[in-house]
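Novice: This is the structure, below, for whatever I ask next.
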Amino acid sequence: MLKVDKICVMNMENAIRGARNPMNSWARMDSYYDEDGNFCLGENDLSLAARLAKAGSDHRKYLRQIIVSMDILAPLYWWKEFDTYKVGTVANSTSTMHKIQAKKFERADFSHDMMTPSALACLDGVIECLESERLKFIETKDKSHWHNMIQLLPSSYNQLRTVTLNYEVLINIYYARRNHKLLEWRTLADAIEALPYAEELILVKEKGE
C-alpha cells in the first residue's frame, strides 16, 4: 500500500527562465499565471523545455530546479528501497522512536493488501503482542517494553514522510521503478504521470533519450 497526498510543484517559472539563460532568449518567454494562480507554460517555453528534456541530463539541468513536495504514506520495506535516491531528495518522517507508543496498534497501521489469510492471522498475532507491550510501557515506563515494540515492529508498518525532490530525480525514479514487482512503486509512477507537464518533461526516455 502507498498513498501520495499534498503534492505541490514549485519554482517552475524560475527554472524556465534559467533554461533561457544560455541563449539570452528571455524575450521569447510566453508563460503566464492563470486566474487560479497556477503557472502555465506558454507555447514557446513548453517547446524549449520539452526539447531540452529530451536532449538528456546534460541539457536539462533546469529540471533540477523544478521542486516537488509530497506526503507519502508507505511501509518501511518500501522506504528502505526509496532511500536509494539520496541525491536531490529530502524527507522528514514521523518518528517510530518517539511516537511508537502514542496510539493503539491496529491492522490499518500495516500494509497487508497482498497478504494471504494465514499471513494476516500471523500479522494479527504480532499486532496483539505489540499492543500488549505498548500498554505495559505506558503503565510502567520500563524501556524493555519499548525495545520489544521497536524490535518486533514488522517492515509492513506504514510510515508517513514529507518528501522534497525535483523533476530530474523523478525521471530516474519513474524509469527505474515503474514496472517494479512492488506495486507501491507503480502507485508512485501513476502520481508522477499526473504532475504538471509530466508528459513533456518527465516521460521523455521513450521519446528521445
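Chain labels follow the order of the C-alpha cells: the first chain is A, the next B, and so on; residue numbering restarts at 1 in every chain, and ligands are counted from 1 in their shown order.
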Need the shell around region 66-71 of chain A: protein/DNA/RNA residues with any atom at most 9 Å away, counting only C-alpha atoms. Skip same-chain ones fewer than 4 positions apart. Format as a PyMOL selection string?
Specialist: chain A and resi 3-16+62+160-168
Novice: As a ChimeraX atom specification, please: every residue in region 83-209 of chain A that DSSP puts in strand (DSSP E or B).
Specialist: /A:90-93,110,157-166
Novice: Expressed in Å to a single decimal, how great is the separation between CA of Ala55 (chain A) and CA of Glu199 (chain A)?
Specialist: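 CA of Glu199 (chain A) lies at a distance of 14.8 Å from CA of Ala55 (chain A).
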Novice: Find the residues near Ser57 (chain A): any atom within 12 Å, counting only C-alpha atoms, skip ones fewer than 2 places away on the same chain, and give them as an NGL selection string.
Specialist: :A and (51-55 or 59-64 or 167-169 or 171-172 or 201-202 or 204-205 or 208-209)
Novice: Go ahead and save the residues from that selection, with N, CA and C atoms, as a CSV table (one decimal), in the first residue's frame.
Specialist:
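Dumped everything to out.csv:
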```
chain,number,residue,atom,x,y,z
A,51,ARG,N,12.2,20.2,-25.6
A,51,ARG,CA,13.4,19.8,-26.4
A,51,ARG,C,14.6,19.6,-25.5
A,52,LEU,N,14.8,20.4,-24.5
A,52,LEU,CA,15.9,20.2,-23.5
A,52,LEU,C,15.7,18.9,-22.7
A,53,ALA,N,14.5,18.6,-22.3
A,53,ALA,CA,14.2,17.4,-21.5
A,53,ALA,C,14.6,16.2,-22.3
A,54,LYS,N,14.3,16.2,-23.6
A,54,LYS,CA,14.6,15.0,-24.5
A,54,LYS,C,16.1,14.9,-24.8
A,55,ALA,N,16.8,16.0,-24.7
A,55,ALA,CA,18.2,16.0,-25.1
A,55,ALA,C,19.1,15.4,-24.1
A,59,HIS,N,21.7,18.6,-20.7
A,59,HIS,CA,21.0,19.7,-21.3
A,59,HIS,C,19.8,20.2,-20.5
A,60,ARG,N,19.3,19.3,-19.6
A,60,ARG,CA,18.0,19.6,-18.9
A,60,ARG,C,18.3,19.9,-17.4
A,61,LYS,N,19.4,20.6,-17.2
A,61,LYS,CA,19.7,21.0,-15.8
A,61,LYS,C,18.6,21.8,-15.1
A,62,TYR,N,17.8,22.5,-15.9
A,62,TYR,CA,16.7,23.3,-15.3
A,62,TYR,C,15.7,22.4,-14.6
A,63,LEU,N,15.6,21.1,-15.0
A,63,LEU,CA,14.6,20.2,-14.3
A,63,LEU,C,15.0,20.0,-12.8
A,64,ARG,N,16.2,20.1,-12.5
A,64,ARG,CA,16.7,20.0,-11.1
A,64,ARG,C,16.1,21.2,-10.3
A,167,TYR,N,12.2,17.3,-10.7
A,167,TYR,CA,11.8,16.6,-11.9
A,167,TYR,C,12.9,15.7,-12.4
A,168,GLU,N,14.1,16.0,-12.3
A,168,GLU,CA,15.2,15.2,-12.8
A,168,GLU,C,15.2,13.9,-12.0
A,169,VAL,N,15.1,14.0,-10.7
A,169,VAL,CA,15.1,12.8,-9.8
A,169,VAL,C,13.8,11.9,-10.2
A,171,ILE,N,12.4,11.6,-13.1
A,171,ILE,CA,12.7,10.8,-14.3
A,171,ILE,C,13.4,9.6,-13.9
A,172,ASN,N,14.5,9.7,-13.1
A,172,ASN,CA,15.2,8.5,-12.6
A,172,ASN,C,14.3,7.5,-11.9
A,201,LEU,N,8.0,16.7,-19.9
A,201,LEU,CA,9.3,16.9,-19.2
A,201,LEU,C,9.8,15.7,-18.4
A,202,ILE,N,9.0,14.8,-18.1
A,202,ILE,CA,9.4,13.6,-17.3
A,202,ILE,C,9.4,12.3,-18.1
A,204,VAL,N,10.2,11.2,-20.9
A,204,VAL,CA,10.9,11.6,-22.1
A,204,VAL,C,11.8,10.5,-22.7
A,205,LYS,N,12.0,9.4,-22.0
A,205,LYS,CA,13.0,8.5,-22.5
A,205,LYS,C,12.5,7.7,-23.7
A,208,GLY,N,13.1,10.0,-26.9
A,208,GLY,CA,14.4,10.5,-27.5
A,208,GLY,C,15.6,10.2,-26.7
A,209,GLU,N,15.5,10.0,-25.4
A,209,GLU,CA,16.8,9.7,-24.7
A,209,GLU,C,17.1,8.3,-24.7
```
Novice: Near His145 (chain A), counting only C-alpha atoms, which residues have an atom at most 9 Å away, once you skip same-chain residues fewer than 6 positions from it, shown as a compact mmCIF listing (two decimals) with N, CA and C atoms, in the first residue's frame?
Specialist:
```txt
# COMPACT_ATOMS: atom_id res chain seq x y z
N SER A 132 0.10 -5.17 23.46
CA SER A 132 0.34 -5.55 24.86
C SER A 132 1.59 -4.86 25.40
N GLU A 133 2.66 -4.86 24.60
CA GLU A 133 3.90 -4.21 25.03
C GLU A 133 3.72 -2.70 25.14
N ARG A 134 2.93 -2.13 24.26
CA ARG A 134 2.67 -0.69 24.32
C ARG A 134 1.98 -0.31 25.63
N LEU A 135 0.96 -1.06 25.99
CA LEU A 135 0.22 -0.78 27.22
C LEU A 135 1.11 -0.96 28.45
N LYS A 136 1.96 -1.98 28.43
CA LYS A 136 2.88 -2.20 29.54
C LYS A 136 3.88 -1.05 29.67
N PHE A 137 4.35 -0.56 28.53
CA PHE A 137 5.30 0.55 28.57
C PHE A 137 4.64 1.81 29.11
```
Novice: For a test of reading the model, state the distance in Å between CA of Leu130 (chain A) and CA of Ser95 (chain A), rounded to one decimal.
Specialist: 16.5 Å
Novice: Just the residues within 12 Å of Leu153 (chain A), please, counting only C-alpha atoms, with nothing from its chain fewer than 3 positions along; format it as a list of chain:residue names.
Specialist: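 Everything that qualifies: A:Pro75, A:Leu76, A:Tyr77, A:Thr96, A:Met97, A:Ile100, A:Gln101, A:Phe105, A:Asp109, A:Phe110, A:Leu123, A:Gly125, A:Val126, A:Ile127, A:Glu128, A:Cys129, A:Leu130, A:Glu131, A:Glu133, A:Arg134, A:Trp146, A:His147, A:Asn148, A:Met149, A:Ile150, A:Ser156, A:Tyr157, A:Asn158, A:Gln159.
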Novice: I'd like the interatomic distance between CA of Ala189 (chain A) and CA of Tyr174 (chain A), to a tenth of an Å.
Specialist: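 For CA of Ala189 (chain A) relative to CA of Tyr174 (chain A), the distance reads 5.7 Å.
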Novice: Mind checking DSSP for region 20-89 of chain A and telling me the helix (DSSP H, G or I) residues as a PyMOL selection string?
Specialist: chain A and resi 21-23+26-28+43-54+61-65+76-82
Novice: So which residues touch region 36-41 of chain A within 9 Å, counting only C-alpha atoms, skipping near sequence neighbours fewer than 4 positions away, as a PyMOL selection string?
Specialist: chain A and resi 12-13+16+29-32+45-46+196-197
